[in-house]
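So the structure is just underneath, and the comments pick up after that.
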Amino acid sequence: MSGTILLQANARRPWRSRRDLTLTGAALLLLAIALVALQTGAVAIPLRHLAAILLHAFGRALPADVAPQSAAVLLTIRLPRVVLAVVAGAGLSVTGAVLQAVFRNPLADPALVGVSSGAALAVAGAIVLGAGAGPFALPVAGFVGGLVATVVLYRVATVEGATSLATMLLAGIAINALCFAGIGLLTTMASNEQLRNISFWNFGSVGGAGWDAAGVVAIAVVAATALLVRMAPGLNALALGESEARHLGFETQRLKRNVIGLSALIAGFIVAICGVIGFVALVGPHVARLLWGSDHRIVIVGSSLVGAILLLAADLLGRGVVAPAELPIGIVTALVGAPFFLWMLLRERSRLA
């Protein structure tokens, strides 16, 4: 008996070593892209100056060959922008992974099914109706809007624990249309300044990031992701079906409510700060599953890495393609994500045919 257990453990070790190696590779790739993003821009900052400037933030004197302008650009503009892109990409991808688990549907995406547009509508309403004062007003509005859209989608598309792909996509189209109609109505009531703020949500950006915005999103994403990782065994059981998960001792209704609430929290905060960014939540989880399998304890962590890489790379590409202007990050993610979505639809069609 002990020999059988030892053989099984040894058989699993190569997979674990490959998994650990690819996770480490993804983390190193993210670090490499971040270093390139910190160096790139109107003010070029050599790699050898980055460490000196970062140490300067903790009280060390700047070397004579490092310009104070470079330090100001790095610490007040580029570093918070990179941090926001990383945590927003990670949060969106994690949200996609857990929503796909709850709906048991590989095409669930906060932007495609109306969750992000619901958050954007709530944020636009808070801006126009004067409820957007205070540092947490817009994130809270985004959370409430995303939560309402998610609950409506779940109620419409899920019957007796089974989610219809066609119903989910049609419901997402309807929610998106309704929310964008509401945003259009609000734009007719908005002042010029409010109109500029609302138009920001249409494409999404991390360009206006400061430490306050990056910090708020980082706290929300890290806290919610930590809770979702603890729910991973329940999500694994849910993949077998609701009745099977209940037989395994999981309270499926409570699990789904908690996952939906945390997903709306993440999506709402990200939309409130960055606007609507599509397809990261669709592409990230699928890449993670291809690399690391379907165990949600790994999928959630892997999705966060892939999502962070995707959004940070998209922001870097958007800054470089039309420099000195910037291409909105939502356009870049759509150019990559839309063909991927079509490929997913074709694969699902061939699988169900």
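Residues in the structure tokens are named by chain (A, B, ... in the order shown) and by number from 1 within that chain; ligands are numbered from 1 in the order shown.
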Running DSSP on the backbone, which parts of segment 265-322 of chain A land in alpha helix (DSSP H), as an mmCIF file with all heavy atoms, in the first residue's frame?
```
data_model
loop_
_atom_site.group_PDB
_atom_site.id
_atom_site.type_symbol
_atom_site.label_atom_id
_atom_site.label_comp_id
_atom_site.auth_asym_id
_atom_site.auth_seq_id
_atom_site.Cartn_x
_atom_site.Cartn_y
_atom_site.Cartn_z
ATOM 1 N N LEU A 265 -17.429 42.952 -6.763
ATOM 2 C CA LEU A 265 -16.559 43.883 -6.044
ATOM 3 C C LEU A 265 -15.315 44.194 -6.862
ATOM 4 O O LEU A 265 -14.957 45.371 -7.055
ATOM 5 C CB LEU A 265 -16.167 43.278 -4.697
ATOM 6 C CG LEU A 265 -15.159 44.073 -3.858
ATOM 7 C CD1 LEU A 265 -15.804 45.355 -3.341
ATOM 8 C CD2 LEU A 265 -14.631 43.243 -2.702
ATOM 9 N N ILE A 266 -14.659 43.158 -7.384
ATOM 10 C CA ILE A 266 -13.452 43.367 -8.179
ATOM 11 C C ILE A 266 -13.759 44.154 -9.444
ATOM 12 O O ILE A 266 -13.104 45.161 -9.752
ATOM 13 C CB ILE A 266 -12.805 42.011 -8.539
ATOM 14 C CG1 ILE A 266 -12.296 41.299 -7.278
ATOM 15 C CG2 ILE A 266 -11.648 42.214 -9.518
ATOM 16 C CD1 ILE A 266 -11.797 39.885 -7.537
ATOM 17 N N ALA A 267 -14.764 43.700 -10.201
ATOM 18 C CA ALA A 267 -15.100 44.365 -11.462
ATOM 19 C C ALA A 267 -15.540 45.805 -11.229
ATOM 20 O O ALA A 267 -15.166 46.711 -11.983
ATOM 21 C CB ALA A 267 -16.196 43.585 -12.189
ATOM 22 N N GLY A 268 -16.317 46.033 -10.175
ATOM 23 C CA GLY A 268 -16.794 47.386 -9.897
ATOM 24 C C GLY A 268 -15.670 48.352 -9.573
ATOM 25 O O GLY A 268 -15.642 49.480 -10.085
ATOM 26 N N PHE A 269 -14.726 47.927 -8.760
ATOM 27 C CA PHE A 269 -13.606 48.803 -8.417
ATOM 28 C C PHE A 269 -12.740 49.086 -9.636
ATOM 29 O O PHE A 269 -12.299 50.219 -9.848
ATOM 30 C CB PHE A 269 -12.765 48.171 -7.303
ATOM 31 C CG PHE A 269 -13.210 48.532 -5.917
ATOM 32 C CD1 PHE A 269 -14.463 48.169 -5.456
ATOM 33 C CD2 PHE A 269 -12.400 49.257 -5.073
ATOM 34 C CE1 PHE A 269 -14.900 48.512 -4.190
ATOM 35 C CE2 PHE A 269 -12.815 49.611 -3.796
ATOM 36 C CZ PHE A 269 -14.071 49.240 -3.353
ATOM 37 N N ILE A 270 -12.512 48.054 -10.450
ATOM 38 C CA ILE A 270 -11.659 48.250 -11.631
ATOM 39 C C ILE A 270 -12.338 49.177 -12.629
ATOM 40 O O ILE A 270 -11.709 50.089 -13.188
ATOM 41 C CB ILE A 270 -11.310 46.899 -12.267
ATOM 42 C CG1 ILE A 270 -10.388 46.108 -11.330
ATOM 43 C CG2 ILE A 270 -10.631 47.097 -13.624
ATOM 44 C CD1 ILE A 270 -10.119 44.693 -11.784
ATOM 45 N N VAL A 271 -13.628 48.976 -12.875
ATOM 46 C CA VAL A 271 -14.350 49.839 -13.809
ATOM 47 C C VAL A 271 -14.397 51.273 -13.294
ATOM 48 O O VAL A 271 -14.249 52.228 -14.065
ATOM 49 C CB VAL A 271 -15.776 49.296 -14.050
ATOM 50 C CG1 VAL A 271 -16.634 50.313 -14.795
ATOM 51 C CG2 VAL A 271 -15.714 48.000 -14.847
ATOM 52 N N ALA A 272 -14.581 51.438 -12.000
ATOM 53 C CA ALA A 272 -14.655 52.784 -11.438
ATOM 54 C C ALA A 272 -13.362 53.555 -11.633
ATOM 55 O O ALA A 272 -13.380 54.771 -11.837
ATOM 56 C CB ALA A 272 -14.996 52.712 -9.951
ATOM 57 N N ILE A 273 -12.227 52.869 -11.604
ATOM 58 C CA ILE A 273 -10.933 53.533 -11.722
ATOM 59 C C ILE A 273 -10.417 53.525 -13.160
ATOM 60 O O ILE A 273 -9.878 54.522 -13.647
ATOM 61 C CB ILE A 273 -9.885 52.863 -10.804
ATOM 62 C CG1 ILE A 273 -10.359 52.900 -9.337
ATOM 63 C CG2 ILE A 273 -8.535 53.540 -10.934
ATOM 64 C CD1 ILE A 273 -10.575 54.298 -8.779
ATOM 65 N N CYS A 274 -10.603 52.412 -13.868
ATOM 66 C CA CYS A 274 -9.984 52.232 -15.194
ATOM 67 C C CYS A 274 -10.955 52.304 -16.353
ATOM 68 O O CYS A 274 -10.518 52.379 -17.509
ATOM 69 C CB CYS A 274 -9.270 50.876 -15.254
ATOM 70 S SG CYS A 274 -8.066 50.595 -13.950
ATOM 71 N N VAL A 280 -9.938 40.689 -21.346
ATOM 72 C CA VAL A 280 -8.880 40.166 -20.469
ATOM 73 C C VAL A 280 -9.440 39.041 -19.606
ATOM 74 O O VAL A 280 -8.786 38.009 -19.390
ATOM 75 C CB VAL A 280 -8.295 41.287 -19.591
ATOM 76 C CG1 VAL A 280 -7.326 40.715 -18.557
ATOM 77 C CG2 VAL A 280 -7.581 42.318 -20.457
ATOM 78 N N ALA A 281 -10.673 39.213 -19.126
ATOM 79 C CA ALA A 281 -11.299 38.197 -18.285
ATOM 80 C C ALA A 281 -11.675 36.949 -19.061
ATOM 81 O O ALA A 281 -11.935 35.904 -18.456
ATOM 82 C CB ALA A 281 -12.546 38.778 -17.614
ATOM 83 N N LEU A 282 -11.731 37.033 -20.374
ATOM 84 C CA LEU A 282 -12.014 35.863 -21.197
ATOM 85 C C LEU A 282 -10.737 35.121 -21.558
ATOM 86 O O LEU A 282 -10.652 33.894 -21.447
ATOM 87 C CB LEU A 282 -12.746 36.293 -22.474
ATOM 88 C CG LEU A 282 -13.089 35.174 -23.461
ATOM 89 C CD1 LEU A 282 -14.176 34.282 -22.890
ATOM 90 C CD2 LEU A 282 -13.527 35.761 -24.797
ATOM 91 N N VAL A 283 -9.714 35.865 -21.990
ATOM 92 C CA VAL A 283 -8.481 35.246 -22.478
ATOM 93 C C VAL A 283 -7.650 34.692 -21.327
ATOM 94 O O VAL A 283 -7.123 33.564 -21.405
ATOM 95 C CB VAL A 283 -7.659 36.268 -23.292
ATOM 96 C CG1 VAL A 283 -6.340 35.656 -23.747
ATOM 97 C CG2 VAL A 283 -8.467 36.760 -24.488
ATOM 98 N N GLY A 284 -7.507 35.457 -20.251
ATOM 99 C CA GLY A 284 -6.630 35.061 -19.150
ATOM 100 C C GLY A 284 -6.931 33.683 -18.575
ATOM 101 O O GLY A 284 -6.027 32.831 -18.480
ATOM 102 N N PRO A 285 -8.180 33.400 -18.170
ATOM 103 C CA PRO A 285 -8.464 32.078 -17.597
ATOM 104 C C PRO A 285 -8.230 30.925 -18.562
ATOM 105 O O PRO A 285 -7.791 29.846 -18.149
ATOM 106 C CB PRO A 285 -9.948 32.186 -17.213
ATOM 107 C CG PRO A 285 -10.199 33.639 -17.039
ATOM 108 C CD PRO A 285 -9.329 34.322 -18.044
ATOM 109 N N HIS A 286 -8.518 31.131 -19.853
ATOM 110 C CA HIS A 286 -8.321 30.042 -20.812
ATOM 111 C C HIS A 286 -6.834 29.728 -20.996
ATOM 112 O O HIS A 286 -6.452 28.559 -21.085
ATOM 113 C CB HIS A 286 -8.965 30.396 -22.149
ATOM 114 C CG HIS A 286 -10.452 30.263 -22.128
ATOM 115 N ND1 HIS A 286 -11.096 29.055 -22.109
ATOM 116 C CD2 HIS A 286 -11.432 31.202 -22.087
ATOM 117 C CE1 HIS A 286 -12.402 29.238 -22.071
ATOM 118 N NE2 HIS A 286 -12.628 30.542 -22.056
ATOM 119 N N VAL A 287 -6.014 30.771 -21.046
ATOM 120 C CA VAL A 287 -4.575 30.534 -21.132
ATOM 121 C C VAL A 287 -4.088 29.816 -19.879
ATOM 122 O O VAL A 287 -3.275 28.884 -19.941
ATOM 123 C CB VAL A 287 -3.820 31.862 -21.329
ATOM 124 C CG1 VAL A 287 -2.311 31.644 -21.262
ATOM 125 C CG2 VAL A 287 -4.203 32.504 -22.663
ATOM 126 N N ALA A 288 -4.605 30.225 -18.713
ATOM 127 C CA ALA A 288 -4.204 29.586 -17.458
ATOM 128 C C ALA A 288 -4.597 28.112 -17.431
ATOM 129 O O ALA A 288 -3.813 27.262 -17.002
ATOM 130 C CB ALA A 288 -4.840 30.323 -16.281
ATOM 131 N N ARG A 289 -5.796 27.787 -17.912
ATOM 132 C CA ARG A 289 -6.216 26.383 -17.920
ATOM 133 C C ARG A 289 -5.390 25.559 -18.904
ATOM 134 O O ARG A 289 -5.108 24.389 -18.650
ATOM 135 C CB ARG A 289 -7.704 26.288 -18.254
ATOM 136 C CG ARG A 289 -8.617 26.820 -17.150
ATOM 137 C CD ARG A 289 -10.074 26.507 -17.433
ATOM 138 N NE ARG A 289 -10.926 27.127 -16.428
ATOM 139 C CZ ARG A 289 -11.542 28.277 -16.579
ATOM 140 N NH1 ARG A 289 -11.406 28.957 -17.721
ATOM 141 N NH2 ARG A 289 -12.293 28.780 -15.621
ATOM 142 N N LEU A 290 -5.036 26.143 -20.034
ATOM 143 C CA LEU A 290 -4.192 25.431 -20.994
ATOM 144 C C LEU A 290 -2.822 25.111 -20.400
ATOM 145 O O LEU A 290 -2.236 24.057 -20.665
ATOM 146 C CB LEU A 290 -4.032 26.255 -22.272
ATOM 147 C CG LEU A 290 -5.262 26.347 -23.187
ATOM 148 C CD1 LEU A 290 -5.007 27.345 -24.311
ATOM 149 C CD2 LEU A 290 -5.608 24.978 -23.758
ATOM 150 N N LEU A 291 -2.311 26.041 -19.571
ATOM 151 C CA LEU A 291 -0.975 25.868 -19.006
ATOM 152 C C LEU A 291 -0.970 25.016 -17.747
ATOM 153 O O LEU A 291 -0.036 24.225 -17.527
ATOM 154 C CB LEU A 291 -0.355 27.230 -18.701
ATOM 155 C CG LEU A 291 0.020 28.108 -19.898
ATOM 156 C CD1 LEU A 291 0.451 29.490 -19.417
ATOM 157 C CD2 LEU A 291 1.137 27.458 -20.707
ATOM 158 N N TRP A 292 -1.990 25.159 -16.892
ATOM 159 C CA TRP A 292 -1.923 24.585 -15.548
ATOM 160 C C TRP A 292 -3.096 23.705 -15.169
ATOM 161 O O TRP A 292 -3.212 23.293 -14.021
ATOM 162 C CB TRP A 292 -1.775 25.721 -14.519
ATOM 163 C CG TRP A 292 -0.550 26.536 -14.754
ATOM 164 C CD1 TRP A 292 0.745 26.109 -14.714
ATOM 165 C CD2 TRP A 292 -0.488 27.925 -15.098
ATOM 166 N NE1 TRP A 292 1.609 27.125 -14.995
ATOM 167 C CE2 TRP A 292 0.893 28.276 -15.236
ATOM 168 C CE3 TRP A 292 -1.429 28.928 -15.288
ATOM 169 C CZ2 TRP A 292 1.320 29.548 -15.570
ATOM 170 C CZ3 TRP A 292 -1.007 30.216 -15.624
ATOM 171 C CH2 TRP A 292 0.355 30.514 -15.753
ATOM 172 N N HIS A 296 -8.906 24.913 -9.573
ATOM 173 C CA HIS A 296 -9.072 26.356 -9.366
ATOM 174 C C HIS A 296 -8.110 26.938 -8.340
ATOM 175 O O HIS A 296 -7.923 28.156 -8.308
ATOM 176 C CB HIS A 296 -10.521 26.664 -8.967
ATOM 177 C CG HIS A 296 -11.457 26.625 -10.141
ATOM 178 N ND1 HIS A 296 -12.073 25.460 -10.550
ATOM 179 C CD2 HIS A 296 -11.858 27.594 -11.005
ATOM 180 C CE1 HIS A 296 -12.815 25.718 -11.607
ATOM 181 N NE2 HIS A 296 -12.711 26.988 -11.903
ATOM 182 N N ARG A 297 -7.506 26.103 -7.520
ATOM 183 C CA ARG A 297 -6.474 26.615 -6.621
ATOM 184 C C ARG A 297 -5.296 27.158 -7.421
ATOM 185 O O ARG A 297 -4.639 28.121 -7.000
ATOM 186 C CB ARG A 297 -6.002 25.514 -5.672
ATOM 187 C CG ARG A 297 -7.049 25.087 -4.638
ATOM 188 C CD ARG A 297 -6.598 23.892 -3.857
ATOM 189 N NE ARG A 297 -6.413 22.722 -4.728
ATOM 190 C CZ ARG A 297 -6.030 21.519 -4.301
ATOM 191 N NH1 ARG A 297 -5.774 21.336 -3.014
ATOM 192 N NH2 ARG A 297 -5.906 20.522 -5.142
ATOM 193 N N ILE A 298 -5.031 26.530 -8.570
ATOM 194 C CA ILE A 298 -3.955 26.989 -9.445
ATOM 195 C C ILE A 298 -4.486 27.938 -10.511
ATOM 196 O O ILE A 298 -3.809 28.904 -10.883
ATOM 197 C CB ILE A 298 -3.250 25.786 -10.107
ATOM 198 C CG1 ILE A 298 -2.787 24.788 -9.037
ATOM 199 C CG2 ILE A 298 -2.062 26.252 -10.937
ATOM 200 C CD1 ILE A 298 -1.842 25.380 -8.001
ATOM 201 N N VAL A 299 -5.696 27.672 -11.008
ATOM 202 C CA VAL A 299 -6.262 28.505 -12.068
ATOM 203 C C VAL A 299 -6.396 29.951 -11.623
ATOM 204 O O VAL A 299 -6.095 30.883 -12.383
ATOM 205 C CB VAL A 299 -7.628 27.948 -12.517
ATOM 206 C CG1 VAL A 299 -8.373 28.965 -13.378
ATOM 207 C CG2 VAL A 299 -7.442 26.656 -13.282
ATOM 208 N N ILE A 300 -6.838 30.179 -10.384
ATOM 209 C CA ILE A 300 -7.017 31.545 -9.907
ATOM 210 C C ILE A 300 -5.674 32.272 -9.841
ATOM 211 O O ILE A 300 -5.546 33.412 -10.300
ATOM 212 C CB ILE A 300 -7.725 31.555 -8.536
ATOM 213 C CG1 ILE A 300 -9.167 31.066 -8.697
ATOM 214 C CG2 ILE A 300 -7.700 32.946 -7.909
ATOM 215 C CD1 ILE A 300 -9.914 30.909 -7.392
ATOM 216 N N VAL A 301 -4.670 31.600 -9.300
ATOM 217 C CA VAL A 301 -3.342 32.218 -9.227
ATOM 218 C C VAL A 301 -2.770 32.418 -10.626
ATOM 219 O O VAL A 301 -2.247 33.492 -10.970
ATOM 220 C CB VAL A 301 -2.398 31.350 -8.371
ATOM 221 C CG1 VAL A 301 -0.985 31.925 -8.381
ATOM 222 C CG2 VAL A 301 -2.920 31.257 -6.943
ATOM 223 N N GLY A 302 -2.865 31.382 -11.460
ATOM 224 C CA GLY A 302 -2.349 31.492 -12.822
ATOM 225 C C GLY A 302 -3.073 32.539 -13.638
ATOM 226 O O GLY A 302 -2.455 33.290 -14.403
ATOM 227 N N SER A 303 -4.399 32.619 -13.468
ATOM 228 C CA SER A 303 -5.168 33.638 -14.190
ATOM 229 C C SER A 303 -4.734 35.044 -13.800
ATOM 230 O O SER A 303 -4.672 35.945 -14.652
ATOM 231 C CB SER A 303 -6.662 33.463 -13.908
ATOM 232 O OG SER A 303 -7.152 32.257 -14.437
ATOM 233 N N SER A 304 -4.440 35.240 -12.527
ATOM 234 C CA SER A 304 -4.005 36.570 -12.094
ATOM 235 C C SER A 304 -2.691 36.955 -12.767
ATOM 236 O O SER A 304 -2.516 38.104 -13.194
ATOM 237 C CB SER A 304 -3.864 36.609 -10.566
ATOM 238 O OG SER A 304 -2.808 35.778 -10.123
ATOM 239 N N LEU A 305 -1.777 35.988 -12.908
ATOM 240 C CA LEU A 305 -0.501 36.273 -13.581
ATOM 241 C C LEU A 305 -0.715 36.567 -15.063
ATOM 242 O O LEU A 305 -0.179 37.537 -15.605
ATOM 243 C CB LEU A 305 0.447 35.089 -13.422
ATOM 244 C CG LEU A 305 1.179 34.954 -12.084
ATOM 245 C CD1 LEU A 305 1.929 33.632 -12.027
ATOM 246 C CD2 LEU A 305 2.127 36.119 -11.871
ATOM 247 N N VAL A 306 -1.515 35.729 -15.734
ATOM 248 C CA VAL A 306 -1.744 35.918 -17.166
ATOM 249 C C VAL A 306 -2.473 37.229 -17.422
ATOM 250 O O VAL A 306 -2.131 37.987 -18.344
ATOM 251 C CB VAL A 306 -2.537 34.738 -17.747
ATOM 252 C CG1 VAL A 306 -2.874 34.990 -19.216
ATOM 253 C CG2 VAL A 306 -1.743 33.443 -17.613
ATOM 254 N N GLY A 307 -3.492 37.537 -16.614
ATOM 255 C CA GLY A 307 -4.223 38.783 -16.788
ATOM 256 C C GLY A 307 -3.345 40.000 -16.582
ATOM 257 O O GLY A 307 -3.446 40.989 -17.329
ATOM 258 N N ALA A 308 -2.473 39.941 -15.568
ATOM 259 C CA ALA A 308 -1.555 41.054 -15.336
ATOM 260 C C ALA A 308 -0.610 41.237 -16.518
ATOM 261 O O ALA A 308 -0.347 42.372 -16.955
ATOM 262 C CB ALA A 308 -0.766 40.805 -14.051
ATOM 263 N N ILE A 309 -0.109 40.135 -17.065
ATOM 264 C CA ILE A 309 0.779 40.206 -18.237
ATOM 265 C C ILE A 309 0.043 40.810 -19.427
ATOM 266 O O ILE A 309 0.559 41.702 -20.120
ATOM 267 C CB ILE A 309 1.320 38.808 -18.584
ATOM 268 C CG1 ILE A 309 2.305 38.331 -17.507
ATOM 269 C CG2 ILE A 309 1.989 38.794 -19.956
ATOM 270 C CD1 ILE A 309 2.697 36.877 -17.642
ATOM 271 N N LEU A 310 -1.184 40.346 -19.674
ATOM 272 C CA LEU A 310 -1.950 40.822 -20.830
ATOM 273 C C LEU A 310 -2.224 42.317 -20.744
ATOM 274 O O LEU A 310 -2.021 43.057 -21.718
ATOM 275 C CB LEU A 310 -3.268 40.048 -20.925
ATOM 276 C CG LEU A 310 -3.181 38.584 -21.355
ATOM 277 C CD1 LEU A 310 -4.552 37.925 -21.256
ATOM 278 C CD2 LEU A 310 -2.642 38.466 -22.770
ATOM 279 N N LEU A 311 -2.702 42.784 -19.589
ATOM 280 C CA LEU A 311 -3.082 44.197 -19.495
ATOM 281 C C LEU A 311 -1.858 45.101 -19.482
ATOM 282 O O LEU A 311 -1.871 46.185 -20.094
ATOM 283 C CB LEU A 311 -3.934 44.436 -18.246
ATOM 284 C CG LEU A 311 -4.727 45.741 -18.259
ATOM 285 C CD1 LEU A 311 -5.685 45.774 -19.443
ATOM 286 C CD2 LEU A 311 -5.497 45.929 -16.966
ATOM 287 N N LEU A 312 -0.790 44.689 -18.815
ATOM 288 C CA LEU A 312 0.421 45.503 -18.796
ATOM 289 C C LEU A 312 1.039 45.562 -20.193
ATOM 290 O O LEU A 312 1.486 46.638 -20.635
ATOM 291 C CB LEU A 312 1.421 44.923 -17.796
ATOM 292 C CG LEU A 312 2.698 45.737 -17.562
ATOM 293 C CD1 LEU A 312 2.365 47.145 -17.099
ATOM 294 C CD2 LEU A 312 3.602 45.051 -16.553
ATOM 295 N N ALA A 313 1.042 44.430 -20.915
ATOM 296 C CA ALA A 313 1.562 44.426 -22.287
ATOM 297 C C ALA A 313 0.683 45.264 -23.202
ATOM 298 O O ALA A 313 1.187 45.985 -24.082
ATOM 299 C CB ALA A 313 1.649 42.994 -22.806
ATOM 300 N N ALA A 314 -0.642 45.211 -23.014
ATOM 301 C CA ALA A 314 -1.550 46.023 -23.830
ATOM 302 C C ALA A 314 -1.331 47.512 -23.577
ATOM 303 O O ALA A 314 -1.341 48.324 -24.512
ATOM 304 C CB ALA A 314 -2.997 45.640 -23.524
ATOM 305 N N ASP A 315 -1.110 47.884 -22.316
ATOM 306 C CA ASP A 315 -0.851 49.290 -22.010
ATOM 307 C C ASP A 315 0.472 49.738 -22.614
ATOM 308 O O ASP A 315 0.569 50.848 -23.177
ATOM 309 C CB ASP A 315 -0.835 49.483 -20.492
ATOM 310 C CG ASP A 315 -0.584 50.935 -20.104
ATOM 311 O OD1 ASP A 315 -1.298 51.819 -20.618
ATOM 312 O OD2 ASP A 315 0.333 51.186 -19.306
ATOM 313 N N LEU A 316 1.486 48.894 -22.537
ATOM 314 C CA LEU A 316 2.789 49.227 -23.125
ATOM 315 C C LEU A 316 2.674 49.368 -24.640
ATOM 316 O O LEU A 316 3.240 50.296 -25.235
ATOM 317 C CB LEU A 316 3.803 48.139 -22.763
ATOM 318 C CG LEU A 316 5.243 48.334 -23.251
ATOM 319 C CD1 LEU A 316 5.839 49.625 -22.703
ATOM 320 C CD2 LEU A 316 6.098 47.138 -22.847
ATOM 321 N N LEU A 317 1.917 48.476 -25.267
ATOM 322 C CA LEU A 317 1.708 48.545 -26.716
ATOM 323 C C LEU A 317 0.928 49.799 -27.091
ATOM 324 O O LEU A 317 1.253 50.486 -28.066
ATOM 325 C CB LEU A 317 0.974 47.297 -27.190
ATOM 326 C CG LEU A 317 0.744 47.157 -28.700
ATOM 327 C CD1 LEU A 317 2.078 47.087 -29.436
ATOM 328 C CD2 LEU A 317 -0.088 45.915 -28.991
ATOM 329 N N GLY A 318 -0.097 50.117 -26.319
ATOM 330 C CA GLY A 318 -0.894 51.304 -26.595
ATOM 331 C C GLY A 318 -0.105 52.589 -26.463
ATOM 332 O O GLY A 318 -0.351 53.561 -27.194
ATOM 333 N N ARG A 319 0.871 52.586 -25.566
ATOM 334 C CA ARG A 319 1.713 53.779 -25.414
ATOM 335 C C ARG A 319 2.716 53.924 -26.540
ATOM 336 O O ARG A 319 3.155 55.035 -26.844
ATOM 337 C CB ARG A 319 2.473 53.712 -24.084
ATOM 338 C CG ARG A 319 1.618 53.999 -22.880
ATOM 339 C CD ARG A 319 2.502 54.354 -21.691
ATOM 340 N NE ARG A 319 3.126 53.187 -21.098
ATOM 341 C CZ ARG A 319 4.348 53.179 -20.569
ATOM 342 N NH1 ARG A 319 5.098 54.260 -20.638
ATOM 343 N NH2 ARG A 319 4.820 52.092 -20.014
ATOM 344 N N GLY A 320 3.083 52.794 -27.188
ATOM 345 C CA GLY A 320 4.143 52.853 -28.177
ATOM 346 C C GLY A 320 3.690 52.934 -29.616
ATOM 347 O O GLY A 320 4.417 53.461 -30.461
ATOM 348 N N VAL A 321 2.474 52.452 -29.910
ATOM 349 C CA VAL A 321 2.034 52.356 -31.305
ATOM 350 C C VAL A 321 1.837 53.721 -31.940
ATOM 351 O O VAL A 321 2.243 53.964 -33.081
ATOM 352 C CB VAL A 321 0.742 51.522 -31.389
ATOM 353 C CG1 VAL A 321 0.102 51.645 -32.774
ATOM 354 C CG2 VAL A 321 1.026 50.067 -31.078
#
```
Inset, instruction - Write out as a PyMOL selection string each polymer residue whose atoms come within 8 Å of segment 79-81 of chain A, counting only C-alpha atoms; drop sequence neighbours fewer than 6 positions from it. - result: chain A and resi 38+206-211+214
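Remark: for Ile277 of chain A, the closest of the candidate residues A:Val156, A:Ala334, A:Ala264, A:Ala27 is A:Ala334 (distances computed over only C-alpha atoms).
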Inset, instruction - Output as a VMD selection string all residues of segment 24-236 of chain A that backbone DSSP marks as strand (DSSP E). - result: chain A and resid 158 to 159 162 to 163
Please write the residues from the selection above to a file, keeping N, CA, C and O atoms, as a JSON list (two decimals), in the first residue's frame.
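Saved result, again-v3.json, follows:
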```json
[["chain", "number", "residue", "atom", "x", "y", "z"],
["A", 158, "THR", "N", -29.67, 30.96, -15.80],
["A", 158, "THR", "CA", -29.49, 29.70, -15.09],
["A", 158, "THR", "C", -30.83, 29.13, -14.65],
["A", 158, "THR", "O", -31.62, 29.82, -14.00],
["A", 159, "VAL", "N", -31.07, 27.89, -15.03],
["A", 159, "VAL", "CA", -32.29, 27.18, -14.65],
["A", 159, "VAL", "C", -31.90, 25.84, -14.06],
["A", 159, "VAL", "O", -31.21, 25.04, -14.71],
["A", 162, "ALA", "N", -28.23, 24.76, -14.29],
["A", 162, "ALA", "CA", -27.61, 24.67, -15.61],
["A", 162, "ALA", "C", -27.74, 26.01, -16.33],
["A", 162, "ALA", "O", -28.81, 26.61, -16.35],
["A", 163, "THR", "N", -26.63, 26.47, -16.92],
["A", 163, "THR", "CA", -26.61, 27.74, -17.62],
["A", 163, "THR", "C", -26.63, 27.51, -19.12],
["A", 163, "THR", "O", -25.81, 26.77, -19.65]]
```
Legend entry - Top pick for closest residue to Ala120 of chain A, considering A:Leu47, A:Ala72, A:Cys179, A:Ala34 and counting only C-alpha atoms: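 Selected residue with least distance to Ala120 of chain A: A:Cys179.
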Legend entry - Selected residue, from A:Asn176, A:Thr22, A:Ser17, A:Gln194, that lies nearest to Leu153 of chain A when counting only C-alpha atoms: A:Asn176
Legend entry - From A:Ala101, A:Val276, A:Ala174, A:Leu92, residue lying nearest Ala237 of chain A [only C-alpha atoms]: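 Of A:Ala101, A:Val276, A:Ala174, A:Leu92, the one nearest Ala237 of chain A is A:Ala101, counting only C-alpha atoms.
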